[in-house]
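Engineer: Please see the structure below; I have some questions.
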Amino acid sequence: MTVTVAAATPRHIPAMLTLLNEMDQFYGGATDGKSAERAEQLRQALFGDPPMAYALVAVDGDDLVGIASWSFLWPAVGLTRSLYLKELYVTRSRWRSGVGTLLMQAVFEVAAKNRCSRVEWTTDSDNPDAQEFYAGLGLQQVPSKLFFRADATVIERSLS
């Protein structure tokens, strides 16, 4: 079969949930919430008004084999916008098959179409496969940036 990449639609939600559950397990996290609850979260994030994020899916026949999700950020250099790639995940059985490369090419096409000055993302420092993948695309790590995170506990504490 041939892998195609397209914008996610509501009909992809069940398959996306399966793939995102696999992703949660890969990253060592628990899949929080019931399936219906997670489906509604996904529906609101990607298909709400306004959408909070966007996603592309890689499909091979009837199988969803990869996903890329992003949000637009502003301002970037020169008051342009950037595309922040939040997740790029390919089902484990399709690693090293070209699916990730197809998704990255599609993300770059979206960025160009939307006149983004850059595409940015992070990867975990203990994920050498991802680092090797990005290096294989000719992309370099940006050592001048540090990543910070405030989780829900910190946010709530700061508001009290």
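Simple scheme: letters A, B, ... for chains in structure tokens order, numbers from 1 for residues in each chain, numbers from 1 for ligands in the order shown.
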Could you pull the residues within 12 Å of range 106-113 of chain A, counting only C-alpha atoms, minus those fewer than 5 positions along the same chain, as a PDB file with C-alpha atoms, in the first residue's frame?
Structural biologist:
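Here's the written file out_12.pdb:
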```pdb
ATOM      1  CA  THR A   4      -0.798   9.268   2.157  1.00  0.00           C
ATOM      2  CA  VAL A   5      -0.636  12.325   4.406  1.00  0.00           C
ATOM      3  CA  ALA A   6      -3.680  14.540   4.873  1.00  0.00           C
ATOM      4  CA  ALA A   7      -5.285  16.877   7.369  1.00  0.00           C
ATOM      5  CA  TYR A  54      -3.870  21.119  13.990  1.00  0.00           C
ATOM      6  CA  ALA A  55      -2.863  17.645  12.892  1.00  0.00           C
ATOM      7  CA  LEU A  56      -1.826  15.698   9.862  1.00  0.00           C
ATOM      8  CA  VAL A  57      -2.281  11.950   9.699  1.00  0.00           C
ATOM      9  CA  ALA A  58      -0.353   9.377   7.713  1.00  0.00           C
ATOM     10  CA  ILE A  67       0.524  11.796  13.233  1.00  0.00           C
ATOM     11  CA  ALA A  68       2.026  15.263  13.371  1.00  0.00           C
ATOM     12  CA  SER A  69       0.370  17.938  15.502  1.00  0.00           C
ATOM     13  CA  TRP A  70       1.224  21.598  15.730  1.00  0.00           C
ATOM     14  CA  SER A  71       0.165  25.091  16.710  1.00  0.00           C
ATOM     15  CA  PHE A  72       1.100  28.437  15.252  1.00  0.00           C
ATOM     16  CA  LEU A  73       3.046  30.851  17.448  1.00  0.00           C
ATOM     17  CA  THR A  80       6.404  36.634  11.522  1.00  0.00           C
ATOM     18  CA  ARG A  81       4.737  33.478  12.779  1.00  0.00           C
ATOM     19  CA  SER A  82       6.274  30.101  13.449  1.00  0.00           C
ATOM     20  CA  LEU A  83       4.910  26.596  13.471  1.00  0.00           C
ATOM     21  CA  TYR A  84       5.552  24.694  16.705  1.00  0.00           C
ATOM     22  CA  LEU A  85       5.534  20.952  16.100  1.00  0.00           C
ATOM     23  CA  LYS A  86       4.222  19.465  19.337  1.00  0.00           C
ATOM     24  CA  GLU A  87       4.168  15.797  18.363  1.00  0.00           C
ATOM     25  CA  LEU A  88       5.477  13.667  15.567  1.00  0.00           C
ATOM     26  CA  VAL A  99       6.448   7.717   7.295  1.00  0.00           C
ATOM     27  CA  GLY A 100       8.157  10.228   9.594  1.00  0.00           C
ATOM     28  CA  THR A 101       9.902  11.832   6.634  1.00  0.00           C
ATOM     29  CA  ARG A 118      10.509  28.679  11.059  1.00  0.00           C
ATOM     30  CA  VAL A 119       9.384  25.322  12.367  1.00  0.00           C
ATOM     31  CA  GLU A 120      10.488  24.498  15.892  1.00  0.00           C
ATOM     32  CA  TRP A 121      10.121  21.477  18.173  1.00  0.00           C
TER      33      TRP A 121
END
```
Engineer: Would you please give, as an NGL selection string, all residues of range 3-112 of chain A that DSSP assigns to helix (DSSP H, G or I) based on the backbone?
Structural biologist: :A and (10-26 or 35-47 or 77-79 or 92-94 or 99-112)
Engineer: Can you write just those residues out, N, CA and C atoms, as a short mmCIF file (atom, residue, chain, number, x, y, z; two decimals), in the first residue's frame?
Structural biologist:
```
data_model
loop_
_atom_site.label_atom_id
_atom_site.label_comp_id
_atom_site.auth_asym_id
_atom_site.auth_seq_id
_atom_site.Cartn_x
_atom_site.Cartn_y
_atom_site.Cartn_z
N PRO A 10 -12.57 14.65 11.74
CA PRO A 10 -13.23 13.96 12.84
C PRO A 10 -13.35 12.45 12.64
N ARG A 11 -13.42 11.98 11.40
CA ARG A 11 -13.53 10.53 11.19
C ARG A 11 -12.25 9.79 11.61
N HIS A 12 -11.12 10.52 11.74
CA HIS A 12 -9.86 9.91 12.16
C HIS A 12 -9.76 9.75 13.68
N ILE A 13 -10.68 10.31 14.43
CA ILE A 13 -10.55 10.34 15.89
C ILE A 13 -10.34 8.95 16.50
N PRO A 14 -11.14 7.92 16.19
CA PRO A 14 -10.90 6.62 16.82
C PRO A 14 -9.49 6.07 16.55
N ALA A 15 -9.02 6.17 15.32
CA ALA A 15 -7.68 5.68 15.00
C ALA A 15 -6.60 6.55 15.64
N MET A 16 -6.85 7.85 15.72
CA MET A 16 -5.89 8.74 16.37
C MET A 16 -5.77 8.40 17.85
N LEU A 17 -6.88 8.08 18.49
CA LEU A 17 -6.84 7.70 19.90
C LEU A 17 -5.99 6.45 20.10
N THR A 18 -6.14 5.48 19.23
CA THR A 18 -5.33 4.26 19.33
C THR A 18 -3.85 4.60 19.20
N LEU A 19 -3.51 5.41 18.22
CA LEU A 19 -2.11 5.78 18.01
C LEU A 19 -1.58 6.63 19.17
N LEU A 20 -2.39 7.54 19.67
CA LEU A 20 -1.96 8.39 20.79
C LEU A 20 -1.83 7.58 22.08
N ASN A 21 -2.63 6.54 22.26
CA ASN A 21 -2.46 5.64 23.41
C ASN A 21 -1.11 4.94 23.31
N GLU A 22 -0.76 4.50 22.09
CA GLU A 22 0.56 3.87 21.89
C GLU A 22 1.66 4.87 22.21
N MET A 23 1.49 6.12 21.78
CA MET A 23 2.48 7.15 22.04
C MET A 23 2.64 7.37 23.55
N ASP A 24 1.52 7.44 24.27
CA ASP A 24 1.59 7.61 25.73
C ASP A 24 2.40 6.48 26.36
N GLN A 25 2.17 5.26 25.92
CA GLN A 25 2.91 4.12 26.46
C GLN A 25 4.39 4.21 26.10
N PHE A 26 4.71 4.65 24.89
CA PHE A 26 6.09 4.80 24.48
C PHE A 26 6.82 5.77 25.40
N SER A 35 -12.09 6.43 27.15
CA SER A 35 -12.00 6.62 25.70
C SER A 35 -12.92 7.73 25.21
N ALA A 36 -14.15 7.77 25.69
CA ALA A 36 -15.10 8.80 25.25
C ALA A 36 -14.61 10.19 25.68
N GLU A 37 -14.05 10.27 26.87
CA GLU A 37 -13.53 11.54 27.37
C GLU A 37 -12.34 12.00 26.53
N ARG A 38 -11.44 11.07 26.22
CA ARG A 38 -10.27 11.41 25.40
C ARG A 38 -10.71 11.80 23.98
N ALA A 39 -11.72 11.12 23.45
CA ALA A 39 -12.22 11.47 22.12
C ALA A 39 -12.76 12.89 22.12
N GLU A 40 -13.47 13.26 23.16
CA GLU A 40 -14.01 14.62 23.24
C GLU A 40 -12.89 15.65 23.37
N GLN A 41 -11.85 15.34 24.15
CA GLN A 41 -10.71 16.24 24.26
C GLN A 41 -10.06 16.45 22.90
N LEU A 42 -9.90 15.37 22.16
CA LEU A 42 -9.31 15.44 20.83
C LEU A 42 -10.19 16.25 19.89
N ARG A 43 -11.48 16.00 19.93
CA ARG A 43 -12.43 16.72 19.08
C ARG A 43 -12.38 18.23 19.38
N GLN A 44 -12.37 18.60 20.64
CA GLN A 44 -12.33 20.01 21.00
C GLN A 44 -11.01 20.67 20.57
N ALA A 45 -9.90 19.95 20.78
CA ALA A 45 -8.59 20.53 20.47
C ALA A 45 -8.41 20.76 18.97
N LEU A 46 -8.80 19.79 18.16
CA LEU A 46 -8.53 19.87 16.73
C LEU A 46 -9.67 20.44 15.90
N PHE A 47 -10.90 20.26 16.39
CA PHE A 47 -12.05 20.62 15.55
C PHE A 47 -13.00 21.60 16.23
N VAL A 77 10.67 35.69 14.52
CA VAL A 77 11.61 36.67 14.00
C VAL A 77 10.91 37.64 13.03
N GLY A 78 11.17 38.92 13.21
CA GLY A 78 10.60 39.93 12.31
C GLY A 78 9.09 40.03 12.38
N LEU A 79 8.49 39.66 13.50
CA LEU A 79 7.05 39.66 13.72
C LEU A 79 6.31 38.69 12.80
N ARG A 92 5.10 2.19 16.04
CA ARG A 92 6.39 1.50 16.17
C ARG A 92 6.66 0.54 15.02
N SER A 93 5.62 -0.13 14.54
CA SER A 93 5.81 -1.11 13.47
C SER A 93 6.22 -0.45 12.14
N ARG A 94 6.11 0.87 12.06
CA ARG A 94 6.44 1.57 10.82
C ARG A 94 7.67 2.47 10.96
N VAL A 99 7.67 7.01 6.88
CA VAL A 99 6.45 7.72 7.29
C VAL A 99 6.79 9.03 8.00
N GLY A 100 7.76 9.01 8.89
CA GLY A 100 8.16 10.23 9.59
C GLY A 100 8.65 11.30 8.63
N THR A 101 9.40 10.89 7.63
CA THR A 101 9.90 11.83 6.63
C THR A 101 8.74 12.44 5.85
N LEU A 102 7.77 11.62 5.47
CA LEU A 102 6.59 12.15 4.77
C LEU A 102 5.85 13.18 5.63
N LEU A 103 5.70 12.87 6.91
CA LEU A 103 5.01 13.80 7.81
C LEU A 103 5.79 15.11 7.95
N MET A 104 7.11 15.01 8.11
CA MET A 104 7.91 16.23 8.24
C MET A 104 7.83 17.08 6.97
N GLN A 105 7.88 16.44 5.80
CA GLN A 105 7.74 17.19 4.56
C GLN A 105 6.39 17.90 4.50
N ALA A 106 5.34 17.23 4.93
CA ALA A 106 4.01 17.84 4.93
C ALA A 106 3.93 19.00 5.92
N VAL A 107 4.57 18.85 7.07
CA VAL A 107 4.61 19.95 8.05
C VAL A 107 5.33 21.15 7.45
N PHE A 108 6.45 20.91 6.78
CA PHE A 108 7.18 22.01 6.15
C PHE A 108 6.33 22.68 5.06
N GLU A 109 5.54 21.90 4.34
CA GLU A 109 4.64 22.47 3.34
C GLU A 109 3.60 23.37 3.99
N VAL A 110 3.04 22.93 5.12
CA VAL A 110 2.07 23.75 5.86
C VAL A 110 2.73 25.05 6.31
N ALA A 111 3.96 24.95 6.83
CA ALA A 111 4.67 26.14 7.30
C ALA A 111 4.90 27.12 6.15
N ALA A 112 5.31 26.61 5.00
CA ALA A 112 5.55 27.47 3.85
C ALA A 112 4.25 28.13 3.38
#
```
Engineer: Mind the document's chain letters and residue numbers, and return as an MDAnalysis selection string the residues of chain A that DSSP labels strand (DSSP E).
Structural biologist: chainID A and resid 3:7 54:60 63:73 81:90 116:120
Engineer: Which of these, A:Leu139, A:Ala152, A:Leu146, A:Ala30, has the shortest distance to Ser125 in chain A once you count only C-alpha atoms?
Structural biologist: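 Under the stated criterion, the closest residue is A:Leu146.
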Engineer: Rank nothing, just name the residue among A:Ala8, A:Lys34, A:Leu137, A:Val142 nearest to Ala53 in chain A, using only C-alpha atoms.
Structural biologist: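 Looking only at the distances to Ala53 in chain A, the closest residue turns out to be A:Ala8.
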Engineer: Which residue, A:Pro50, A:Arg115, A:Arg96, A:Leu64, has the smallest gap to Ala76 in chain A when you use only C-alpha atoms?
Structural biologist: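 Of the candidates, the smallest distance to Ala76 in chain A is held by A:Arg115.
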Engineer: One decimal, in Å: what's the spacing between CA of Val59 in chain A and CA of Trp95 in chain A?
Structural biologist: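 Answer for the CA of Val59 in chain A to CA of Trp95 in chain A separation: 14.0 Å.
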Engineer: Suppose you want the space between CA of Ser97 in chain A and CA of Asp62 in chain A; what is it in Å?
Structural biologist: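 One can read the CA of Ser97 in chain A to CA of Asp62 in chain A distance as 17.1 Å.
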Engineer: Pick out the closest residue to Tyr134 in chain A from this set: A:Thr122, A:Gly29, A:Asp151, A:Asn114. Count only C-alpha atoms.
Structural biologist: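 Using only C-alpha atoms, Tyr134 in chain A sits closest to A:Thr122.
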